[in-house]
Amino acid sequence: MSAAKVLVFQNRFLLGGQERQTVLNVRTMDRSRWEPVVACLHLEGEHLDDLAREGVRPVLFDVGRRMLRPNTAWQVSRIARFVREQGIALVHAQDIYTNVLGSLAARLAGVPVIVTRVDLGHHITGYRRPLTRLACLRADRVLVNAMCIRDLVIREGVEPDRVAVVRNGVDLAALDRAARELPDPGLPEGAWIANVANMHHPVKGQTDLLVAFREVLREHPSARLALVGDGVRRPLLERLAGQLGVAARVHFLGFRRDAPAVLARCAAAASSSHAEGISNAILEAMAQRLPVVATAVGGSPELVRDGTTGWLVPPGSPGALARRLCDALADRERARRMGARGRALVEREFELGQMRLGYDALYEELAGWRVPRLIAGTA
């Protein structure tokens, strides 16, 4: 029996946690069971190079910069025709735009469709909100990566048995290899706190973190803060660091392919978001055995077990964030134990193989394609 074709449909392949999960899904597919066919709406992004290394070049369906225009209907019909001509067994849409267009095209082509929700929708505004909800209501399955997102889509009207929870996967072997490399450029001496997040939206709460860090420096003057990420808000954050008098101890590192090497040389990690799904940044910090101080929002409490793998603080509370970061720097032995428990949690619940099993079970159910599942050491 030939492999079943799965259309993996992504808006674009910029650096980001969701895009990285898409690449991991494609990379880990058993080619004897699944043949990934990747399509996108914009042929751009750093992760295109990762797909190229897997021998995959996405098919482009160019809808332009606005979805509500006549060309979109034409592209939906093109996608549906492509699905039929290629013998696609299942469409797996990955984000807001492909959820809407992919669900329409799959219906026209007569194949099942999975839509994906990986956050609480803080960025879904205007006409996109009802369209997103409609796509979820019409999909065969809604794939989420956190229980809080499952609860959200059920509140929006999706039947519970059509919601599938598949946790993010962490490629621990690749992260460990990257962590052993020296960061380039290197990091000055100091007690480092890491925050990995984009700087496109205030939801990531970096302003709270900068205010909190001013308090941390009063107790730990050797501390340094590494902000890994970039975006339109970076100049604002750089100005704020100057206004707070902490600019000399705050390092804006931009997007870093060597983020694991940076994390491996830090004492703690901070997540100051006001909304999250399952944060890849938190998972990767835990994988590097760092205690994590995180705001108790969205899926973060599913990762950070308060007092066990780190600490949870209220969102928008720089004082509470500062106190727990000081705790992490003051008691290094306790922090080390927390980091070890965090690593064990990632190995147990978020290892890449767990994600693969979840995807395979979902694909088999919808594609109607059954094969014996192999277990290590058996046939």
# chains A, B, ... in the order shown; residues from 1 in each chain; ligands from 1

$ residues_around --residues "Glu215 (chain A)" --least-positions-apart "4" --cutoff "9 Å" --atoms "only C-alpha atoms" --output "number ranges by chain"
A: 211, 219-220, 318-319, 322-323, 326

$ residues_around --residues "Glu276 (chain A)" --least-positions-apart "5" --cutoff "9 Å" --atoms "only C-alpha atoms" --output "ChimeraX atom specification"
/A:118-120,122,203-204,297-300

$ write_last_selection --atoms "all heavy atoms" --output "compact mmCIF listing (two decimals), in the first residue's frame"
# COMPACT_ATOMS: atom_id res chain seq x y z
N VAL A 118 -3.36 27.13 18.16
CA VAL A 118 -2.25 26.96 19.10
C VAL A 118 -2.10 28.16 20.04
O VAL A 118 -1.09 28.27 20.74
CB VAL A 118 -0.92 26.71 18.36
CG1 VAL A 118 -0.95 25.38 17.62
CG2 VAL A 118 -0.58 27.85 17.41
N ASP A 119 -3.09 29.05 20.05
CA ASP A 119 -3.06 30.15 21.00
C ASP A 119 -4.48 30.53 21.35
O ASP A 119 -5.44 29.94 20.85
CB ASP A 119 -2.27 31.36 20.46
CG ASP A 119 -2.81 31.87 19.13
OD1 ASP A 119 -4.04 32.01 19.00
OD2 ASP A 119 -2.02 32.11 18.22
N LEU A 120 -4.61 31.52 22.22
CA LEU A 120 -5.94 31.93 22.70
C LEU A 120 -6.56 33.05 21.88
O LEU A 120 -7.55 33.64 22.28
CB LEU A 120 -5.84 32.33 24.18
CG LEU A 120 -5.44 31.18 25.11
CD1 LEU A 120 -5.18 31.69 26.52
CD2 LEU A 120 -6.50 30.09 25.12
N HIS A 122 -5.44 36.11 20.84
CA HIS A 122 -5.31 37.53 21.17
C HIS A 122 -5.11 38.40 19.93
O HIS A 122 -5.42 39.58 19.94
CB HIS A 122 -4.12 37.73 22.12
CG HIS A 122 -2.80 37.30 21.55
ND1 HIS A 122 -2.35 36.00 21.65
CD2 HIS A 122 -1.86 37.99 20.86
CE1 HIS A 122 -1.18 35.92 21.05
NE2 HIS A 122 -0.86 37.10 20.57
N VAL A 203 1.50 41.61 23.88
CA VAL A 203 1.05 40.46 24.66
C VAL A 203 2.22 39.71 25.29
O VAL A 203 2.04 39.01 26.31
CB VAL A 203 0.21 39.51 23.77
CG1 VAL A 203 1.10 38.72 22.81
CG2 VAL A 203 -0.64 38.56 24.61
N LYS A 204 3.42 39.83 24.74
CA LYS A 204 4.57 39.11 25.29
C LYS A 204 5.09 39.73 26.59
O LYS A 204 5.90 39.11 27.29
CB LYS A 204 5.69 39.03 24.26
CG LYS A 204 5.35 38.18 23.05
CD LYS A 204 5.02 36.74 23.43
CE LYS A 204 4.73 35.88 22.22
NZ LYS A 204 4.41 34.47 22.59
N VAL A 297 -0.74 32.22 32.73
CA VAL A 297 -1.72 32.48 31.67
C VAL A 297 -1.73 31.30 30.70
O VAL A 297 -0.72 30.63 30.49
CB VAL A 297 -1.39 33.78 30.90
CG1 VAL A 297 -1.48 34.99 31.81
CG2 VAL A 297 -0.01 33.72 30.25
N GLY A 298 -2.89 31.07 30.09
CA GLY A 298 -3.01 30.08 29.03
C GLY A 298 -2.45 28.73 29.41
O GLY A 298 -2.78 28.16 30.46
N GLY A 299 -1.56 28.21 28.55
CA GLY A 299 -1.00 26.88 28.78
C GLY A 299 0.23 26.86 29.64
O GLY A 299 0.76 25.78 29.93
N SER A 300 0.71 28.03 30.09
CA SER A 300 1.96 28.04 30.87
C SER A 300 1.86 27.23 32.16
O SER A 300 2.83 26.54 32.53
CB SER A 300 2.39 29.48 31.16
OG SER A 300 2.71 30.15 29.95

$ closest_atom_pairs --of "region 115-165 of chain A" --to "region 9-28 of chain A" --cutoff "12 Å" --atoms "only C-alpha atoms" --output "CSV"
residue,atom,partner,partner_atom,distance
A:Val115,CA,A:Phe9,CA,9.6
A:Thr116,CA,A:Gln18,CA,9.8
A:Arg117,CA,A:Gln18,CA,9.7
A:Val118,CA,A:Gln18,CA,7.4
A:Asp119,CA,A:Gln18,CA,9.6
A:Val144,CA,A:Gln18,CA,11.3
A:Asn145,CA,A:Gln18,CA,10.3

$ write_last_selection --atoms "all heavy atoms" --output "PDB file, in the first residue's frame"
ATOM      1  N   VAL A 115      -8.071  21.610  11.231  1.00  0.00           N
ATOM      2  CA  VAL A 115      -7.609  22.985  11.436  1.00  0.00           C
ATOM      3  C   VAL A 115      -6.876  23.034  12.769  1.00  0.00           C
ATOM      4  O   VAL A 115      -7.098  22.199  13.650  1.00  0.00           O
ATOM      5  CB  VAL A 115      -8.762  24.007  11.396  1.00  0.00           C
ATOM      6  CG1 VAL A 115      -9.483  23.951  10.057  1.00  0.00           C
ATOM      7  CG2 VAL A 115      -9.735  23.803  12.545  1.00  0.00           C
ATOM      8  N   THR A 116      -5.985  24.009  12.906  1.00  0.00           N
ATOM      9  CA  THR A 116      -5.076  24.063  14.049  1.00  0.00           C
ATOM     10  C   THR A 116      -5.275  25.358  14.823  1.00  0.00           C
ATOM     11  O   THR A 116      -5.311  26.440  14.237  1.00  0.00           O
ATOM     12  CB  THR A 116      -3.616  23.956  13.578  1.00  0.00           C
ATOM     13  OG1 THR A 116      -3.454  22.768  12.797  1.00  0.00           O
ATOM     14  CG2 THR A 116      -2.655  23.928  14.761  1.00  0.00           C
ATOM     15  N   ARG A 117      -5.363  25.234  16.149  1.00  0.00           N
ATOM     16  CA  ARG A 117      -5.400  26.398  17.040  1.00  0.00           C
ATOM     17  C   ARG A 117      -4.317  26.206  18.097  1.00  0.00           C
ATOM     18  O   ARG A 117      -4.354  25.231  18.858  1.00  0.00           O
ATOM     19  CB  ARG A 117      -6.772  26.523  17.713  1.00  0.00           C
ATOM     20  CG  ARG A 117      -7.931  26.751  16.761  1.00  0.00           C
ATOM     21  CD  ARG A 117      -8.022  28.172  16.268  1.00  0.00           C
ATOM     22  NE  ARG A 117      -8.349  29.117  17.337  1.00  0.00           N
ATOM     23  CZ  ARG A 117      -9.600  29.410  17.712  1.00  0.00           C
ATOM     24  NH1 ARG A 117     -10.637  28.823  17.129  1.00  0.00           N
ATOM     25  NH2 ARG A 117      -9.816  30.286  18.676  1.00  0.00           N
ATOM     26  N   VAL A 118      -3.361  27.130  18.163  1.00  0.00           N
ATOM     27  CA  VAL A 118      -2.252  26.963  19.105  1.00  0.00           C
ATOM     28  C   VAL A 118      -2.097  28.155  20.043  1.00  0.00           C
ATOM     29  O   VAL A 118      -1.089  28.270  20.737  1.00  0.00           O
ATOM     30  CB  VAL A 118      -0.917  26.709  18.358  1.00  0.00           C
ATOM     31  CG1 VAL A 118      -0.952  25.383  17.618  1.00  0.00           C
ATOM     32  CG2 VAL A 118      -0.583  27.846  17.411  1.00  0.00           C
ATOM     33  N   ASP A 119      -3.088  29.050  20.049  1.00  0.00           N
ATOM     34  CA  ASP A 119      -3.056  30.154  20.997  1.00  0.00           C
ATOM     35  C   ASP A 119      -4.482  30.534  21.348  1.00  0.00           C
ATOM     36  O   ASP A 119      -5.443  29.940  20.847  1.00  0.00           O
ATOM     37  CB  ASP A 119      -2.273  31.357  20.458  1.00  0.00           C
ATOM     38  CG  ASP A 119      -2.808  31.871  19.128  1.00  0.00           C
ATOM     39  OD1 ASP A 119      -4.036  32.005  18.996  1.00  0.00           O
ATOM     40  OD2 ASP A 119      -2.017  32.113  18.216  1.00  0.00           O
ATOM     41  N   VAL A 144      -5.413  21.122  18.840  1.00  0.00           N
ATOM     42  CA  VAL A 144      -4.909  22.114  19.793  1.00  0.00           C
ATOM     43  C   VAL A 144      -3.725  21.495  20.527  1.00  0.00           C
ATOM     44  O   VAL A 144      -3.564  20.277  20.555  1.00  0.00           O
ATOM     45  CB  VAL A 144      -5.999  22.551  20.794  1.00  0.00           C
ATOM     46  CG1 VAL A 144      -7.221  23.108  20.068  1.00  0.00           C
ATOM     47  CG2 VAL A 144      -6.418  21.392  21.710  1.00  0.00           C
ATOM     48  N   ASN A 145      -2.914  22.366  21.134  1.00  0.00           N
ATOM     49  CA  ASN A 145      -1.742  21.841  21.846  1.00  0.00           C
ATOM     50  C   ASN A 145      -1.804  22.066  23.347  1.00  0.00           C
ATOM     51  O   ASN A 145      -0.832  21.781  24.049  1.00  0.00           O
ATOM     52  CB  ASN A 145      -0.454  22.447  21.275  1.00  0.00           C
ATOM     53  CG  ASN A 145      -0.379  23.957  21.435  1.00  0.00           C
ATOM     54  OD1 ASN A 145      -1.264  24.581  22.019  1.00  0.00           O
ATOM     55  ND2 ASN A 145       0.683  24.553  20.918  1.00  0.00           N
TER      56      ASN A 145
END

$ residues_around --residues "Ile79 (chain A)" --least-positions-apart "6" --cutoff "8 Å" --atoms "only C-alpha atoms" --output "PyMOL selection string"
chain A and resi 61+102+105

$ residues_around --residues "Arg356 (chain A)" --least-positions-apart "6" --cutoff "10 Å" --atoms "only C-alpha atoms" --output "PyMOL selection string"
chain A and resi 24-25+28-30+166-169+362

$ write_last_selection --atoms "all heavy atoms" --output "PDB file, in the first residue's frame"
ATOM      1  N   LEU A  24       8.779  20.293  12.123  1.00  0.00           N
ATOM      2  CA  LEU A  24       9.013  19.040  12.848  1.00  0.00           C
ATOM      3  C   LEU A  24       8.028  17.962  12.425  1.00  0.00           C
ATOM      4  O   LEU A  24       8.390  16.781  12.294  1.00  0.00           O
ATOM      5  CB  LEU A  24       8.915  19.276  14.354  1.00  0.00           C
ATOM      6  CG  LEU A  24      10.094  19.984  15.016  1.00  0.00           C
ATOM      7  CD1 LEU A  24       9.783  20.258  16.482  1.00  0.00           C
ATOM      8  CD2 LEU A  24      11.372  19.166  14.897  1.00  0.00           C
ATOM      9  N   ASN A  25       6.782  18.336  12.207  1.00  0.00           N
ATOM     10  CA  ASN A  25       5.790  17.375  11.746  1.00  0.00           C
ATOM     11  C   ASN A  25       6.197  16.793  10.403  1.00  0.00           C
ATOM     12  O   ASN A  25       6.208  15.569  10.209  1.00  0.00           O
ATOM     13  CB  ASN A  25       4.416  18.061  11.648  1.00  0.00           C
ATOM     14  CG  ASN A  25       3.332  17.132  11.141  1.00  0.00           C
ATOM     15  OD1 ASN A  25       3.430  15.909  11.233  1.00  0.00           O
ATOM     16  ND2 ASN A  25       2.278  17.714  10.607  1.00  0.00           N
ATOM     17  N   THR A  28       9.392  14.490  10.676  1.00  0.00           N
ATOM     18  CA  THR A  28       9.292  13.220  11.398  1.00  0.00           C
ATOM     19  C   THR A  28       8.259  12.264  10.819  1.00  0.00           C
ATOM     20  O   THR A  28       8.071  11.163  11.350  1.00  0.00           O
ATOM     21  CB  THR A  28       8.947  13.472  12.881  1.00  0.00           C
ATOM     22  OG1 THR A  28       7.707  14.185  12.979  1.00  0.00           O
ATOM     23  CG2 THR A  28      10.052  14.263  13.568  1.00  0.00           C
ATOM     24  N   MET A  29       7.600  12.644   9.742  1.00  0.00           N
ATOM     25  CA  MET A  29       6.640  11.715   9.135  1.00  0.00           C
ATOM     26  C   MET A  29       7.341  10.474   8.621  1.00  0.00           C
ATOM     27  O   MET A  29       8.376  10.560   7.952  1.00  0.00           O
ATOM     28  CB  MET A  29       5.894  12.388   7.980  1.00  0.00           C
ATOM     29  CG  MET A  29       4.817  13.357   8.381  1.00  0.00           C
ATOM     30  SD  MET A  29       3.910  13.940   6.916  1.00  0.00           S
ATOM     31  CE  MET A  29       2.916  15.241   7.646  1.00  0.00           C
ATOM     32  N   ASP A  30       6.780   9.325   8.924  1.00  0.00           N
ATOM     33  CA  ASP A  30       7.252   8.058   8.378  1.00  0.00           C
ATOM     34  C   ASP A  30       6.822   8.016   6.915  1.00  0.00           C
ATOM     35  O   ASP A  30       5.638   7.882   6.610  1.00  0.00           O
ATOM     36  CB  ASP A  30       6.638   6.900   9.163  1.00  0.00           C
ATOM     37  CG  ASP A  30       7.084   5.537   8.659  1.00  0.00           C
ATOM     38  OD1 ASP A  30       7.682   5.465   7.562  1.00  0.00           O
ATOM     39  OD2 ASP A  30       6.807   4.536   9.352  1.00  0.00           O
ATOM     40  N   VAL A 166      -2.826  17.499  20.872  1.00  0.00           N
ATOM     41  CA  VAL A 166      -1.505  16.934  20.589  1.00  0.00           C
ATOM     42  C   VAL A 166      -0.476  17.943  21.078  1.00  0.00           C
ATOM     43  O   VAL A 166      -0.408  19.065  20.581  1.00  0.00           O
ATOM     44  CB  VAL A 166      -1.289  16.644  19.091  1.00  0.00           C
ATOM     45  CG1 VAL A 166       0.121  16.094  18.857  1.00  0.00           C
ATOM     46  CG2 VAL A 166      -2.332  15.652  18.577  1.00  0.00           C
ATOM     47  N   ARG A 167       0.296  17.551  22.062  1.00  0.00           N
ATOM     48  CA  ARG A 167       1.273  18.456  22.664  1.00  0.00           C
ATOM     49  C   ARG A 167       2.401  18.776  21.685  1.00  0.00           C
ATOM     50  O   ARG A 167       2.751  17.971  20.829  1.00  0.00           O
ATOM     51  CB  ARG A 167       1.890  17.805  23.907  1.00  0.00           C
ATOM     52  CG  ARG A 167       0.895  17.411  24.966  1.00  0.00           C
ATOM     53  CD  ARG A 167       0.354  18.612  25.677  1.00  0.00           C
ATOM     54  NE  ARG A 167      -0.307  18.250  26.924  1.00  0.00           N
ATOM     55  CZ  ARG A 167      -0.842  19.119  27.743  1.00  0.00           C
ATOM     56  NH1 ARG A 167      -0.778  20.418  27.469  1.00  0.00           N
ATOM     57  NH2 ARG A 167      -1.439  18.741  28.848  1.00  0.00           N
ATOM     58  N   ASN A 168       2.975  19.958  21.843  1.00  0.00           N
ATOM     59  CA  ASN A 168       4.170  20.310  21.072  1.00  0.00           C
ATOM     60  C   ASN A 168       5.270  19.294  21.319  1.00  0.00           C
ATOM     61  O   ASN A 168       5.404  18.768  22.427  1.00  0.00           O
ATOM     62  CB  ASN A 168       4.679  21.688  21.475  1.00  0.00           C
ATOM     63  CG  ASN A 168       3.800  22.811  20.955  1.00  0.00           C
ATOM     64  OD1 ASN A 168       2.698  22.570  20.471  1.00  0.00           O
ATOM     65  ND2 ASN A 168       4.284  24.028  21.051  1.00  0.00           N
ATOM     66  N   GLY A 169       6.051  19.048  20.290  1.00  0.00           N
ATOM     67  CA  GLY A 169       7.185  18.146  20.436  1.00  0.00           C
ATOM     68  C   GLY A 169       8.494  18.910  20.495  1.00  0.00           C
ATOM     69  O   GLY A 169       8.663  19.931  19.817  1.00  0.00           O
ATOM     70  N   LEU A 362      -4.190  10.692  14.748  1.00  0.00           N
ATOM     71  CA  LEU A 362      -5.189  11.582  14.161  1.00  0.00           C
ATOM     72  C   LEU A 362      -5.282  11.392  12.658  1.00  0.00           C
ATOM     73  O   LEU A 362      -6.384  11.309  12.079  1.00  0.00           O
ATOM     74  CB  LEU A 362      -4.811  13.025  14.506  1.00  0.00           C
ATOM     75  CG  LEU A 362      -5.786  14.130  14.106  1.00  0.00           C
ATOM     76  CD1 LEU A 362      -7.153  13.919  14.729  1.00  0.00           C
ATOM     77  CD2 LEU A 362      -5.220  15.486  14.534  1.00  0.00           C
TER      78      LEU A 362
END

$ select_by_dssp --residues "region 42-219 of chain A" --states "helix (DSSP H, G or I)" --output "number ranges by chain"
A: 47-53, 70-86, 96-109, 128-138, 147-155, 160-162, 172-180, 202-204, 206-219

$ closest_residue --among "A:Val83, A:Val63, A:Val216, A:Val56" --to "His42 (chain A)" --atoms "only C-alpha atoms"
A:Val63

$ atom_distance --atom1 "CA of Ala296 (chain A)" --atom2 "CA of Thr207 (chain A)"
16.8 Å

$ residues_around --residues "Thr295 (chain A)" --least-positions-apart "6" --cutoff "10 Å" --atoms "only C-alpha atoms" --output "list in words"
Gly205, Ala270, Ser271, Ser272, Ser273, His274, Ala275, Glu276, Pro301, Val304, Trp311, Leu312, Val313, Pro314, Pro315, Gly316, Ser317, Ala320 and Leu321 of chain A

$ residues_around --residues "Arg31 (chain A)" --least-positions-apart "4" --cutoff "10 Å" --atoms "only C-alpha atoms" --output "list in words"
Ser2, Ala3, Ala4, Lys5, Val26, Arg27, Glu35 and Pro36 of chain A

$ atom_distance --atom1 "CA of Gly231 (chain A)" --atom2 "CA of Ala248 (chain A)"
20.7 Å

$ select_by_dssp --residues "region 174-344 of chain A" --states "strand (DSSP E or B)" --output "JSON, numbers by chain"
{"A": [191, 192, 193, 194, 195, 196, 223, 224, 225, 226, 227, 228, 229, 250, 251, 252, 253, 254, 268, 269, 270, 271, 292, 293, 294, 295, 306, 310, 311, 312, 313]}

$ atom_distance --atom1 "CA of Leu237 (chain A)" --atom2 "CA of Arg256 (chain A)"
17.9 Å

$ closest_residue --among "A:Arg133, A:Pro112, A:Val246, A:Leu101" --to "Val158 (chain A)" --atoms "only C-alpha atoms"
A:Arg133

$ residues_around --residues "Val111 (chain A)" --least-positions-apart "5" --cutoff "10 Å" --atoms "only C-alpha atoms" --output "MDAnalysis selection string"
chainID A and resid 80 83:84 87:91 103 105:106 140 366:367

$ write_last_selection --atoms "C-alpha atoms" --output "PDB file, in the first residue's frame"
ATOM      1  CA  ALA A  80      -9.433  22.079  -4.275  1.00  0.00           C
ATOM      2  CA  VAL A  83      -6.117  18.239  -3.806  1.00  0.00           C
ATOM      3  CA  ARG A  84      -8.166  16.130  -6.215  1.00  0.00           C
ATOM      4  CA  GLY A  87      -4.842  12.358  -4.637  1.00  0.00           C
ATOM      5  CA  ILE A  88      -4.514  14.126  -1.290  1.00  0.00           C
ATOM      6  CA  ALA A  89      -6.137  12.050   1.471  1.00  0.00           C
ATOM      7  CA  LEU A  90      -6.197  14.724   4.184  1.00  0.00           C
ATOM      8  CA  VAL A  91      -5.727  18.495   4.504  1.00  0.00           C
ATOM      9  CA  SER A 103     -11.352  24.022   5.204  1.00  0.00           C
ATOM     10  CA  ALA A 105     -10.964  23.785  -0.313  1.00  0.00           C
ATOM     11  CA  ALA A 106     -11.150  20.431   1.485  1.00  0.00           C
ATOM     12  CA  ASP A 140     -13.487  17.328  10.920  1.00  0.00           C
ATOM     13  CA  LEU A 366      -9.342  10.708   9.393  1.00  0.00           C
ATOM     14  CA  ALA A 367      -7.556   9.312   6.363  1.00  0.00           C
TER      15      ALA A 367
END

$ closest_residue --among "A:Leu104, A:Ala285, A:Ile96, A:Ala212" --to "Ser77 (chain A)" --atoms "only C-alpha atoms"
A:Leu104
